[in-house]
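Below is the file query-v4.pdb, which contains PDB, C-alpha atoms, pLDDT in the B column.
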```pdb
ATOM      1  CA  MET A  33     -10.466  45.757  11.974  1.00 84.00           C
ATOM      2  CA  ASN A  34      -7.772  46.698  14.459  1.00 90.00           C
ATOM      3  CA  LYS A  35      -5.582  44.448  16.596  1.00 90.00           C
ATOM      4  CA  GLU A  36      -7.734  44.877  19.717  1.00 93.00           C
ATOM      5  CA  SER A  37     -10.889  43.895  17.794  1.00 93.00           C
ATOM      6  CA  ILE A  38      -9.191  40.786  16.423  1.00 92.00           C
ATOM      7  CA  ILE A  39      -8.003  39.820  19.924  1.00 93.00           C
ATOM      8  CA  LYS A  40     -11.551  40.254  21.230  1.00 94.00           C
ATOM      9  CA  GLU A  41     -12.933  38.023  18.450  1.00 92.00           C
ATOM     10  CA  ILE A  42     -10.299  35.350  19.092  1.00 92.00           C
ATOM     11  CA  ASN A  43     -10.910  35.447  22.854  1.00 93.00           C
ATOM     12  CA  GLY A  44     -14.616  34.941  22.194  1.00 92.00           C
ATOM     13  CA  ILE A  45     -13.791  31.887  20.090  1.00 90.00           C
ATOM     14  CA  LEU A  46     -11.438  30.572  22.787  1.00 90.00           C
ATOM     15  CA  SER A  47     -14.208  30.919  25.390  1.00 88.00           C
ATOM     16  CA  ASN A  48     -16.705  29.079  23.185  1.00 84.00           C
ATOM     17  CA  LYS A  49     -14.211  26.259  22.653  1.00 78.00           C
ATOM     18  CA  SER A  50     -13.399  26.008  26.382  1.00 77.00           C
ATOM     19  CA  ILE A  51      -9.731  26.734  25.729  1.00 83.00           C
ATOM     20  CA  SER A  52      -7.869  27.605  28.911  1.00 83.00           C
ATOM     21  CA  PHE A  53      -5.888  30.655  27.768  1.00 88.00           C
ATOM     22  CA  LYS A  54      -6.843  34.159  26.686  1.00 91.00           C
ATOM     23  CA  LEU A  55      -4.896  36.507  24.467  1.00 93.00           C
ATOM     24  CA  ASN A  56      -3.389  39.530  26.173  1.00 93.00           C
ATOM     25  CA  ASP A  57      -0.093  41.422  26.202  1.00 90.00           C
ATOM     26  CA  GLN A  58       1.629  38.567  28.076  1.00 91.00           C
ATOM     27  CA  THR A  59       0.434  35.760  25.778  1.00 93.00           C
ATOM     28  CA  LEU A  60       0.658  37.373  22.325  1.00 94.00           C
ATOM     29  CA  LYS A  61       4.324  36.562  21.794  1.00 94.00           C
ATOM     30  CA  LYS A  62       4.236  33.095  23.352  1.00 94.00           C
ATOM     31  CA  ASN A  63       4.319  30.029  21.172  1.00 93.00           C
ATOM     32  CA  PHE A  64       0.932  28.282  20.981  1.00 91.00           C
ATOM     33  CA  LYS A  65       2.541  25.155  22.425  1.00 90.00           C
ATOM     34  CA  GLU A  66       3.635  27.170  25.475  1.00 92.00           C
ATOM     35  CA  LEU A  67       0.000  28.195  25.908  1.00 90.00           C
ATOM     36  CA  GLY A  68      -1.100  24.558  25.835  1.00 88.00           C
ATOM     37  CA  ALA A  69      -2.513  24.529  22.309  1.00 88.00           C
ATOM     38  CA  ASP A  70      -1.514  21.565  20.187  1.00 88.00           C
ATOM     39  CA  SER A  71      -1.805  21.548  16.388  1.00 88.00           C
ATOM     40  CA  LEU A  72      -5.384  20.233  16.480  1.00 90.00           C
ATOM     41  CA  THR A  73      -6.457  22.997  18.868  1.00 89.00           C
ATOM     42  CA  LEU A  74      -4.786  25.590  16.666  1.00 90.00           C
ATOM     43  CA  LEU A  75      -6.583  24.182  13.624  1.00 91.00           C
ATOM     44  CA  GLU A  76      -9.920  24.425  15.470  1.00 91.00           C
ATOM     45  CA  ILE A  77      -9.173  28.046  16.381  1.00 91.00           C
ATOM     46  CA  ILE A  78      -8.222  28.923  12.805  1.00 93.00           C
ATOM     47  CA  MET A  79     -11.325  27.254  11.341  1.00 95.00           C
ATOM     48  CA  ALA A  80     -13.560  29.113  13.797  1.00 94.00           C
ATOM     49  CA  ILE A  81     -11.849  32.428  12.973  1.00 94.00           C
ATOM     50  CA  GLU A  82     -12.284  31.860   9.245  1.00 95.00           C
ATOM     51  CA  GLU A  83     -15.956  31.085   9.727  1.00 95.00           C
ATOM     52  CA  LYS A  84     -16.660  33.980  12.099  1.00 92.00           C
ATOM     53  CA  LEU A  85     -14.794  36.592  10.043  1.00 93.00           C
ATOM     54  CA  ASN A  86     -15.766  35.078   6.673  1.00 94.00           C
ATOM     55  CA  ILE A  87     -12.168  34.894   5.452  1.00 95.00           C
ATOM     56  CA  THR A  88      -9.862  32.187   4.151  1.00 95.00           C
ATOM     57  CA  LEU A  89      -6.327  32.157   5.472  1.00 95.00           C
ATOM     58  CA  PRO A  90      -3.819  30.753   2.946  1.00 95.00           C
ATOM     59  CA  ASP A  91      -2.564  27.296   3.927  1.00 93.00           C
ATOM     60  CA  GLU A  92       1.019  28.131   2.972  1.00 94.00           C
ATOM     61  CA  GLU A  93       0.997  31.107   5.344  1.00 94.00           C
ATOM     62  CA  LEU A  94      -0.677  29.149   8.145  1.00 93.00           C
ATOM     63  CA  MET A  95       2.341  26.862   8.224  1.00 91.00           C
ATOM     64  CA  ASN A  96       4.386  29.802   9.578  1.00 91.00           C
ATOM     65  CA  ILE A  97       2.050  30.572  12.493  1.00 93.00           C
ATOM     66  CA  LYS A  98       3.892  30.064  15.771  1.00 93.00           C
ATOM     67  CA  THR A  99       2.447  32.735  18.078  1.00 94.00           C
ATOM     68  CA  ALA A 100      -0.883  34.468  18.567  1.00 92.00           C
ATOM     69  CA  GLU A 101       0.711  37.636  17.253  1.00 95.00           C
ATOM     70  CA  ASP A 102       1.620  35.798  14.021  1.00 96.00           C
ATOM     71  CA  LEU A 103      -2.007  34.715  13.688  1.00 94.00           C
ATOM     72  CA  ILE A 104      -3.346  38.222  14.360  1.00 94.00           C
ATOM     73  CA  ASN A 105      -1.013  39.703  11.754  1.00 94.00           C
ATOM     74  CA  LEU A 106      -2.117  37.112   9.188  1.00 95.00           C
ATOM     75  CA  ILE A 107      -5.793  37.760   9.932  1.00 95.00           C
ATOM     76  CA  ASN A 108      -5.278  41.501   9.639  1.00 93.00           C
ATOM     77  CA  LYS A 109      -3.425  41.073   6.338  1.00 93.00           C
ATOM     78  CA  ASN A 110      -6.271  38.993   4.906  1.00 92.00           C
ATOM     79  CA  LEU A 111      -9.022  41.325   6.080  1.00 89.00           C
ATOM     80  CA  LYS A 112      -7.664  44.163   3.938  1.00 78.00           C
TER
END
```
Encoded form (structure tokens):
Amino acid sequence: MNKESIIKEINGILSNKSISFKLNDQTLKKNFKELGADSLTLLEIIMAIEEKLNITLPDEELMNIKTAEDLINLINKNLK
């Protein structure tokens, strides 16, 4: 799965959760807090991603997620 496909999947999840931001070139490098996502919102996003893509993201690596790009890279790493 390439980066664009992962972004599309995440944006679909964001829409279903009524989250006010979308991932694009301007938001990928922003901190989730800057985008208005608190830790609970981020946890909801991660749980939905894991369920939709049928993957488990390691807890110890999730602690380092600060930006959407970090999350996309972790997803991509765990899909391989």
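Among the candidates A:Lys40, A:Lys49, A:Lys98, A:Lys109, the one nearest to Leu67 (chain A) when counting only C-alpha atoms is A:Lys98.
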Need the shell around Lys65 (chain A): protein/DNA/RNA residues with any atom at most 9 Å away, counting all atoms listed in the file. Skip same-chain ones fewer than 5 positions apart. Format as number ranges by chain? A: 70-71, 98-99
Please compute the CA of Ala69 (chain A)-CA of Ile97 (chain A) distance, one decimal, in Å. 12.4 Å
Enumerate, as a list in words, the residues matched when the PyMOL selection byres ((chain A and resi 105) around 12) is run on the file above. Met33, Asn34, Lys35, Glu36, Ile38, Ile39, Leu60, Lys61, Leu89, Glu93, Leu94, Asn96, Ile97, Lys98, Thr99, Ala100, Glu101, Asp102, Leu103, Ile104, Leu106, Ile107, Asn108, Lys109, Asn110, Leu111 and Lys112 of chain A
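Atom to atom, CA of Gly44 (chain A) and CA of Pro90 (chain A) stand 22.5 Å apart.
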Which value, in Å to one decimal, gives the distance between CA of Asp91 (chain A) and CA of Ser50 (chain A)?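 Spanning CA of Asp91 (chain A) to CA of Ser50 (chain A) is a straight-line distance of 25.0 Å.
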Choose the residue, out of A:Leu75, A:Gly68, A:Asn86, A:Met95, that has the smallest atom-to-atom separation from Ile51 (chain A); count all atoms listed in the file. A:Gly68
Take every atom of region 60-75 of chain A listed in the file, pad by 5 Å on each side, and give me the axis-aligned box centre and edge lengths in Å, one decimal, as JSON.
```
{"center_x": -1.1, "center_y": 28.8, "center_z": 19.8, "size_x": 20.9, "size_y": 27.1, "size_z": 22.3}
```
Residues matched by the PyMOL selection byres ((chain A and resi 80) around 12), written as a list in words: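 Written out, the selection comes to Glu41, Ile42, Asn43, Gly44, Ile45, Leu46, Ser47, Asn48, Lys49, Thr73, Leu74, Leu75, Glu76, Ile77, Ile78, Met79, Ile81, Glu82, Glu83, Lys84, Leu85, Asn86, Ile87, Thr88 and Leu89 of chain A.
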Restore N, CA, C and O atoms in region 77-92 of chain A and list the result as a compact mmCIF listing (two decimals), keeping the file's coordinate frame.
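And here is the file that came out, rebuild31.txt:
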```txt
# COMPACT_ATOMS: atom_id res chain seq x y z
N ILE A 77 -9.12 26.59 16.21
CA ILE A 77 -9.17 28.05 16.38
C ILE A 77 -9.19 28.73 15.02
O ILE A 77 -10.01 29.62 14.77
N ILE A 78 -8.32 28.31 14.13
CA ILE A 78 -8.22 28.92 12.80
C ILE A 78 -9.52 28.73 12.02
O ILE A 78 -10.04 29.67 11.40
N MET A 79 -10.08 27.52 12.05
CA MET A 79 -11.32 27.25 11.34
C MET A 79 -12.46 28.12 11.89
O MET A 79 -13.27 28.65 11.12
N ALA A 80 -12.52 28.29 13.19
CA ALA A 80 -13.56 29.11 13.80
C ALA A 80 -13.38 30.58 13.42
O ALA A 80 -14.36 31.29 13.16
N ILE A 81 -12.13 31.04 13.37
CA ILE A 81 -11.85 32.43 12.97
C ILE A 81 -12.28 32.65 11.53
O ILE A 81 -12.93 33.66 11.21
N GLU A 82 -11.91 31.73 10.66
CA GLU A 82 -12.28 31.86 9.24
C GLU A 82 -13.80 31.93 9.08
O GLU A 82 -14.31 32.74 8.30
N GLU A 83 -14.50 31.10 9.81
CA GLU A 83 -15.96 31.08 9.73
C GLU A 83 -16.55 32.38 10.28
O GLU A 83 -17.40 33.00 9.65
N LYS A 84 -16.11 32.79 11.45
CA LYS A 84 -16.66 33.98 12.10
C LYS A 84 -16.39 35.25 11.31
O LYS A 84 -17.25 36.11 11.18
N LEU A 85 -15.18 35.38 10.76
CA LEU A 85 -14.79 36.59 10.04
C LEU A 85 -15.01 36.49 8.53
O LEU A 85 -14.73 37.43 7.80
N ASN A 86 -15.49 35.32 8.09
CA ASN A 86 -15.77 35.08 6.67
C ASN A 86 -14.54 35.36 5.80
O ASN A 86 -14.60 36.11 4.82
N ILE A 87 -13.41 34.77 6.21
CA ILE A 87 -12.17 34.89 5.45
C ILE A 87 -11.57 33.51 5.26
O ILE A 87 -11.95 32.55 5.94
N THR A 88 -10.63 33.41 4.35
CA THR A 88 -9.86 32.19 4.15
C THR A 88 -8.39 32.55 4.30
O THR A 88 -7.89 33.41 3.58
N LEU A 89 -7.75 31.92 5.25
CA LEU A 89 -6.33 32.16 5.47
C LEU A 89 -5.54 31.16 4.64
O LEU A 89 -5.81 29.96 4.69
N PRO A 90 -4.58 31.63 3.84
CA PRO A 90 -3.82 30.75 2.95
C PRO A 90 -3.05 29.67 3.71
O PRO A 90 -2.34 29.97 4.67
N ASP A 91 -3.22 28.43 3.27
CA ASP A 91 -2.56 27.30 3.93
C ASP A 91 -1.06 27.48 4.03
O ASP A 91 -0.46 27.17 5.06
N GLU A 92 -0.44 27.99 2.96
CA GLU A 92 1.02 28.13 2.97
C GLU A 92 1.47 29.15 4.02
O GLU A 92 2.55 29.02 4.58
```
